[in-house]
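Raw protein.cif, mmCIF, C-alpha atoms and all ligand atoms:
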```cif
data_query
loop_
_atom_site.label_atom_id
_atom_site.label_comp_id
_atom_site.auth_asym_id
_atom_site.auth_seq_id
_atom_site.Cartn_x
_atom_site.Cartn_y
_atom_site.Cartn_z
CA MET A 1143 94.54 93.00 82.01
CA ALA A 1144 96.87 95.73 83.28
CA VAL A 1145 100.46 95.59 82.09
CA PRO A 1146 103.11 97.02 84.41
CA PRO A 1147 105.19 100.07 83.50
CA ASP A 1148 108.18 98.80 81.59
CA ASN A 1149 110.68 100.36 83.99
CA ASP A 1150 109.48 98.09 86.82
CA LEU A 1151 111.20 94.74 86.80
CA LEU A 1152 109.17 93.48 89.73
CA ARG A 1153 105.72 94.74 90.49
CA ALA A 1154 102.86 93.74 92.77
CA VAL A 1155 99.40 95.23 92.37
CA GLY A 1156 96.61 95.07 94.98
CA LEU A 1157 97.88 92.01 96.85
CA ARG A 1158 95.47 90.54 99.37
CA HIS A 1159 96.16 87.38 101.29
CA ALA A 1160 94.09 86.03 104.17
CA PRO A 1161 94.93 82.41 105.01
CA HIS A 1162 92.15 80.87 107.12
CA GLY A 1163 90.40 84.26 107.04
CA PHE A 1164 93.29 86.01 108.83
CA PRO A 1165 94.28 89.11 106.80
CA VAL A 1166 98.06 89.03 106.33
CA LEU A 1167 98.27 91.33 103.29
CA THR A 1168 95.66 93.97 102.49
CA ASP A 1169 95.85 95.79 99.16
CA VAL A 1170 99.65 95.97 98.90
CA THR A 1171 101.08 97.57 95.76
CA LEU A 1172 104.76 98.09 95.04
CA GLY A 1173 107.25 98.24 92.20
CA ALA A 1174 111.00 97.97 91.90
CA SER A 1175 112.92 98.91 88.79
CA THR A 1176 116.04 97.24 87.42
CA GLY A 1177 118.96 97.66 89.79
CA GLU A 1178 116.84 99.32 92.46
CA ILE A 1179 117.18 98.34 96.11
CA LEU A 1180 113.82 98.49 97.89
CA ALA A 1181 113.57 97.93 101.63
CA VAL A 1182 110.29 96.60 103.01
CA THR A 1183 110.28 97.45 106.68
CA GLY A 1184 107.84 96.87 109.49
CA PRO A 1185 107.52 95.28 112.91
CA ARG A 1186 107.22 91.53 113.49
CA ALA A 1187 104.16 89.98 111.88
CA ALA A 1188 103.67 92.98 109.56
CA GLY A 1189 103.48 90.66 106.55
CA LYS A 1190 107.00 91.12 105.13
CA THR A 1191 107.80 87.43 104.64
CA THR A 1192 104.39 86.80 103.10
CA LEU A 1193 104.92 89.69 100.69
CA LEU A 1194 108.33 88.37 99.60
CA ARG A 1195 106.88 84.87 99.15
CA CYS A 1196 104.17 86.34 96.91
CA LEU A 1197 106.75 88.29 94.88
CA SER A 1198 108.82 85.14 94.37
CA GLY A 1199 105.85 83.03 93.33
CA GLN A 1200 106.28 80.68 96.29
CA LEU A 1201 102.84 81.78 97.39
CA VAL A 1202 99.90 82.80 95.21
CA PRO A 1203 97.94 85.61 96.88
CA ASP A 1204 94.17 85.37 97.20
CA GLU A 1205 93.87 88.51 95.08
CA GLY A 1206 96.18 90.78 93.11
CA GLU A 1207 98.88 90.51 90.50
CA VAL A 1208 102.63 89.94 90.56
CA TRP A 1209 104.60 90.87 87.48
CA PHE A 1210 108.20 90.11 86.60
CA ALA A 1211 108.88 92.39 83.63
CA ASP A 1212 106.01 91.39 81.32
CA MET A 1213 105.53 87.95 82.89
CA PRO A 1214 102.32 87.59 84.96
CA VAL A 1215 103.70 85.44 87.80
CA HIS A 1216 100.22 85.18 89.36
CA ASN A 1217 98.96 83.35 86.28
CA LEU A 1218 101.80 80.80 86.04
CA THR A 1219 101.39 77.15 86.96
CA ALA A 1220 103.33 75.79 89.93
CA SER A 1221 106.03 74.31 87.68
CA GLN A 1222 106.30 77.54 85.65
CA ARG A 1223 106.72 79.49 88.89
CA GLU A 1224 109.42 77.06 89.97
CA ARG A 1225 111.26 77.58 86.68
CA PHE A 1226 110.82 81.36 87.04
CA ARG A 1227 112.52 81.23 90.45
CA ARG A 1228 115.30 78.94 89.24
CA GLU A 1229 116.11 81.16 86.27
CA HIS A 1230 115.56 84.67 87.55
CA LEU A 1231 115.42 84.94 91.33
CA GLY A 1232 117.90 84.74 94.16
CA TRP A 1233 116.63 84.24 97.71
CA ILE A 1234 118.33 84.85 101.05
CA ASP A 1235 116.72 83.77 104.31
CA SER A 1236 117.25 85.25 107.75
CA GLU A 1237 119.21 82.11 108.73
CA PRO A 1238 121.96 80.40 106.76
CA HIS A 1239 120.32 77.29 105.37
CA LEU A 1240 123.08 75.30 103.67
CA VAL A 1241 123.38 71.63 102.72
CA PRO A 1242 125.62 70.24 105.49
CA GLU A 1243 127.14 67.49 103.32
CA LEU A 1244 128.35 69.95 100.66
CA SER A 1245 131.34 72.29 100.81
CA ALA A 1246 130.96 76.08 100.78
CA TRP A 1247 131.63 76.29 97.05
CA GLU A 1248 129.29 73.40 96.25
CA ASN A 1249 126.54 75.13 98.24
CA ALA A 1250 127.21 78.42 96.44
CA ALA A 1251 127.15 76.62 93.06
CA LEU A 1252 123.97 74.68 93.76
CA PRO A 1253 121.42 76.94 91.99
CA LEU A 1254 123.64 76.98 88.89
CA LEU A 1255 124.02 73.19 88.95
CA LEU A 1256 120.23 72.80 89.32
CA ARG A 1257 119.84 75.00 86.29
CA GLY A 1258 122.06 72.68 84.28
CA THR A 1259 125.22 74.82 84.24
CA PRO A 1260 128.33 72.68 83.61
CA ARG A 1261 130.08 71.87 86.91
CA ARG A 1262 133.32 73.62 85.95
CA THR A 1263 131.49 76.88 85.09
CA ALA A 1264 129.34 76.69 88.23
CA LYS A 1265 132.41 76.08 90.38
CA SER A 1266 134.28 78.98 88.89
CA ALA A 1267 131.31 81.37 89.48
CA ALA A 1268 130.92 80.13 93.06
CA LEU A 1269 134.64 80.50 93.78
CA GLU A 1270 134.71 83.98 92.29
CA TRP A 1271 131.99 85.20 94.67
CA LEU A 1272 133.42 83.40 97.68
CA ASP A 1273 136.74 85.10 96.88
CA ARG A 1274 135.06 88.49 96.67
CA PHE A 1275 133.55 87.84 100.09
CA ASP A 1276 137.00 86.89 101.48
CA LEU A 1277 135.92 83.27 101.85
CA GLY A 1278 138.08 81.82 99.07
CA ALA A 1279 140.34 80.01 101.53
CA LEU A 1280 137.30 78.33 103.09
CA ALA A 1281 135.65 77.27 99.82
CA GLY A 1282 136.34 73.58 100.45
CA GLU A 1283 135.03 73.62 104.04
CA ARG A 1284 131.70 72.18 105.09
CA PRO A 1285 129.19 74.57 106.73
CA HIS A 1286 129.77 73.16 110.23
CA SER A 1287 133.34 74.43 110.23
CA LEU A 1288 132.37 77.97 109.25
CA ALA A 1289 131.33 80.76 111.60
CA TYR A 1290 127.65 81.68 111.56
CA SER A 1291 128.23 84.94 109.67
CA GLN A 1292 130.48 83.12 107.16
CA ARG A 1293 127.64 80.68 106.48
CA GLN A 1294 125.31 83.60 105.83
CA GLN A 1295 127.94 85.05 103.46
CA VAL A 1296 127.92 81.73 101.58
CA CYS A 1297 124.15 82.14 101.23
CA VAL A 1298 124.69 85.62 99.79
CA ALA A 1299 127.31 84.22 97.38
CA ARG A 1300 124.89 81.43 96.41
CA ALA A 1301 122.15 83.97 95.64
CA ILE A 1302 124.45 86.22 93.59
CA ALA A 1303 126.51 83.59 91.75
CA MET A 1304 123.45 82.44 89.82
CA GLU A 1305 123.25 85.95 88.30
CA PRO A 1306 119.63 86.59 89.20
CA ALA A 1307 117.74 89.54 87.74
CA ALA A 1308 116.14 90.06 91.15
CA LEU A 1309 117.06 89.08 94.66
CA LEU A 1310 114.65 88.74 97.57
CA ALA A 1311 116.23 88.86 101.01
CA ASP A 1312 114.11 88.13 104.07
CA GLU A 1313 115.79 89.86 107.01
CA PRO A 1314 119.20 88.59 105.84
CA THR A 1315 121.11 90.10 108.76
CA ALA A 1316 118.53 89.53 111.51
CA ALA A 1317 120.61 86.85 113.23
CA LEU A 1318 123.88 88.81 113.06
CA ARG A 1319 125.28 91.47 115.33
CA GLY A 1320 127.53 94.53 115.05
CA PRO A 1321 130.34 94.40 112.51
CA GLU A 1322 129.25 91.03 111.10
CA ARG A 1323 125.82 92.44 110.36
CA ALA A 1324 127.30 95.49 108.63
CA HIS A 1325 129.74 93.31 106.65
CA VAL A 1326 127.06 90.96 105.30
CA LEU A 1327 124.80 93.87 104.42
CA ARG A 1328 127.64 95.70 102.69
CA THR A 1329 128.68 92.70 100.59
CA LEU A 1330 125.07 91.99 99.60
CA VAL A 1331 124.41 95.58 98.53
CA SER A 1332 127.70 96.08 96.68
CA ALA A 1333 127.34 92.76 94.83
CA ALA A 1334 123.79 93.69 93.81
CA ARG A 1335 124.82 97.17 92.70
CA SER A 1336 127.80 95.94 90.68
CA ASN A 1337 125.55 93.45 88.87
CA ASP A 1338 122.48 95.69 88.45
CA ILE A 1339 120.33 93.28 90.44
CA THR A 1340 116.94 94.44 91.70
CA VAL A 1341 116.73 93.78 95.43
CA VAL A 1342 113.72 93.65 97.73
CA ILE A 1343 114.97 93.33 101.27
CA ALA A 1344 112.71 92.83 104.28
CA ALA A 1345 113.98 94.32 107.50
CA THR A 1346 112.92 95.47 110.92
CA ASP A 1347 115.97 97.70 111.45
CA GLU A 1348 116.86 101.14 110.21
CA GLU A 1349 120.42 100.11 109.30
CA THR A 1350 119.12 97.90 106.51
CA ALA A 1351 116.64 100.50 105.33
CA SER A 1352 119.43 103.07 105.18
CA VAL A 1353 121.28 101.20 102.41
CA ALA A 1354 118.19 101.00 100.20
CA ASP A 1355 117.18 103.45 97.49
CA ARG A 1356 113.64 103.52 98.83
CA THR A 1357 111.62 102.15 101.71
CA LEU A 1358 108.11 100.75 101.80
CA ARG A 1359 106.68 100.42 105.28
CA LEU A 1360 104.26 97.65 106.12
CA TYR A 1361 102.09 97.61 109.19
CA ASP A 1362 99.48 94.92 109.82
CA GLY A 1363 99.72 93.86 106.19
CA ARG A 1364 99.09 97.34 104.84
CA THR A 1365 101.48 99.83 103.29
CA ASP A 1366 101.93 102.67 105.68
CA GLY A 1367 102.34 106.21 104.39
CA ASP A 1368 102.95 105.50 100.73
CA GLY A 1369 100.53 108.16 99.60
CA PRO A 1370 101.42 111.38 97.80
CA GLY A 1371 103.97 113.46 99.65
CA SER A 1372 105.27 110.61 101.76
CA PRO A 1373 109.02 109.88 101.83
CA GLU A 1374 108.39 106.62 99.97
CA GLN A 1375 106.54 108.35 97.19
CA GLU A 1376 109.21 111.05 96.91
CA GLY A 1377 111.91 108.39 96.71
CA ARG A 1378 109.86 106.61 94.11
CA GLU A 1379 109.76 109.67 91.92
CA GLU A 1380 113.51 109.98 92.08
CA CYS A 1381 114.11 106.31 91.27
CA SER A 1382 111.44 105.38 88.79
CA LEU A 1383 108.94 106.93 86.47
CA SER A 1384 106.06 104.63 87.37
CA VAL A 1385 103.15 105.71 89.57
N1 LIG B 1401 99.51 80.54 106.43
C1 LIG B 1401 99.23 81.34 107.47
N2 LIG B 1401 98.18 81.07 108.26
C2 LIG B 1401 97.86 81.87 109.30
N3 LIG B 1401 98.57 82.98 109.62
C3 LIG B 1401 99.62 83.29 108.88
C4 LIG B 1401 100.02 82.50 107.76
N4 LIG B 1401 101.12 83.06 107.19
C5 LIG B 1401 101.40 84.15 107.96
N5 LIG B 1401 100.52 84.27 108.96
C6 LIG B 1401 100.50 85.35 109.97
O1 LIG B 1401 100.58 86.57 109.31
C7 LIG B 1401 101.34 87.51 110.04
C8 LIG B 1401 102.43 88.07 109.17
O2 LIG B 1401 103.40 87.05 108.97
P1 LIG B 1401 104.79 87.32 108.19
O3 LIG B 1401 105.71 86.22 108.55
O4 LIG B 1401 104.49 87.56 106.77
O5 LIG B 1401 105.24 88.69 108.86
P2 LIG B 1401 106.70 89.30 109.00
O6 LIG B 1401 106.53 90.78 108.91
O7 LIG B 1401 107.64 88.65 108.07
O8 LIG B 1401 107.02 88.94 110.49
P3 LIG B 1401 108.35 88.30 111.11
O9 LIG B 1401 109.39 89.34 111.02
O10 LIG B 1401 107.92 88.00 112.50
O11 LIG B 1401 108.63 87.07 110.30
C9 LIG B 1401 101.82 86.76 111.29
O12 LIG B 1401 100.92 87.07 112.34
C10 LIG B 1401 101.72 85.32 110.88
O13 LIG B 1401 101.51 84.48 111.99
#
```
If you took the structure in this file and wrote it as structure tokens, what would it be?
Amino acid sequence: MAVPPDNDLLRAVGLRHAPHGFPVLTDVTLGASTGEILAVTGPRAAGKTTLLRCLSGQLVPDEGEVWFADMPVHNLTASQRERFRREHLGWIDSEPHLVPELSAWENAALPLLLRGTPRRTAKSAALEWLDRFDLGALAGERPHSLAYSQRQQVCVARAIAMEPAALLADEPTAALRGPERAHVLRTLVSAARSNDITVVIAATDEETASVADRTLRLYDGRTDGDGPGSPEQEGREECSLSV
């Protein structure tokens, strides 16, 4: 069985997925090295969400391999994949899904608490990130009293506070506009860079792609223009030694 190049933290090889015979992903291959920010762009229904779900082990593709360092995610059992996500992966959705009964800091601490981190340590990590996102004063508030963009910031804090090795973000700013969109994107990217977190971020907009180290374009479930000489491939050569 192929083993991924050791400079790729996250790698997918030859992914194919066709639920009910409908081809959603067709032979998709990608890699992202430690600390790299990779944008996966494409129009609606290009297969971006499905790709991120395969990378996170939420979905097992019909064919192909997903590697996290030297761990073959595609061969793990459902409970092993769940543990893999809990220990190593942060996830940000396009909408701020928070537990309404919990405060902002409790929401941000939740992945750590689920992992068994002592409450005091989890609280301090959550508060630190909420502070960095200028939400420290609102840490005790429930989601309903926060603005929409503040709720999405709490989701970013939640994904970062657990110190993931990799972070998957599915159109994290899609529901935001103007300065709020730029602010959330900026905090996400600077937090990832300061912590050397590998990020795969799905997006339909150029603004998001512009903050990434490299862009992979998907169209109808296929990578578009990632052959030799393409901008993606050139970026790849600058960022990583793998082919
Ligand atoms: N389980 C499934 N069964 C049937 N079709 C599916 C399934 N999952 C995804 N699809 C279809 O595959 C296509 C790609 O979906 P996906 O959500 O991955 O794309 P996307 O690029 O994230 O699009 P969007 O930005 O609209 O969410 C869509 O047409 C979707 O309806």
What are the centre and edge lengths in Å, to one decimal, of the axis-aligned box around all listed atoms of ligand LIG 1401 (chain B) with 4 Å added on each side, as lines of an AutoDock Vina configuration file?
```
center_x = 103.6
center_y = 85.7
center_z = 109.5
size_x = 19.5
size_y = 18.2
size_z = 14.1
```
Note to self: Around ligand LIG 1401 (chain B), which protein and nucleic acid residues have at least one atom no more than 12 Å from it, if we count all atoms listed in the file? List them as a ChimeraX atom specification.
What the structure shows: /A:1158-1168,1182-1196,1201-1204,1235-1237,1311-1317,1343-1347,1359-1365
Checklist line | Pick from A:Thr1171, A:Gln1200, A:Ser1287, A:Asn1337 nearest to Glu1305 of chain A, counting only C-alpha atoms | finding: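 Smallest separation from Glu1305 of chain A among the options: A:Asn1337.
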Next item on the list: Compare A:Ser1352, A:Ser1245, A:Thr1357, A:Thr1340 by their minimum atom-to-atom distance to Leu1151 of chain A, counting all atoms listed in the file, and give me the closest one.
Entry: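 Of A:Ser1352, A:Ser1245, A:Thr1357, A:Thr1340, the one nearest Leu1151 of chain A, counting all atoms listed in the file, is A:Thr1340.
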Margin query: From the options A:Asn1149, A:Gly1258, A:Ala1246, A:Asp1169, which residue's atoms come nearest to Leu1280 of chain A, counting all atoms listed in the file?
Written below: A:Ala1246
Item checked: Residues near Leu1309 of chain A, cut-off 9 Å, only C-alpha atoms, skip fewer than 4 positions along chain, as a PyMOL selection string -> chain A and resi 1230-1234+1301-1302+1334+1339-1343
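The space between atom CA of Ser1291 of chain A and atom CA of Leu1255 of chain A spans 24.2 Å.
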Note to self: I'd like the interatomic distance between atom CA of Leu1277 of chain A and atom CA of Gln1294 of chain A, to a tenth of an Å.
What the structure shows: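 Going from atom CA of Leu1277 of chain A over to atom CA of Gln1294 of chain A covers 11.3 Å.
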Next item on the list: Take atom CA of Pro1306 of chain A and atom CA of Arg1323 of chain A and report the distance between them in Å, one decimal.
Entry: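 Separation between atom CA of Pro1306 of chain A and atom CA of Arg1323 of chain A: 22.8 Å.
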Note to self: Which residue is closest to Arg1293 of chain A? Choose from A:Gly1278, A:Pro1253, A:Pro1321, A:Pro1238 and count only C-alpha atoms.
What the structure shows: A:Pro1238
Checklist line | For Asn1249 of chain A, the nearest of the candidates A:Glu1349, A:Asp1366, A:Glu1283, A:Asp1212, counting all atoms listed in the file | finding: A:Glu1283
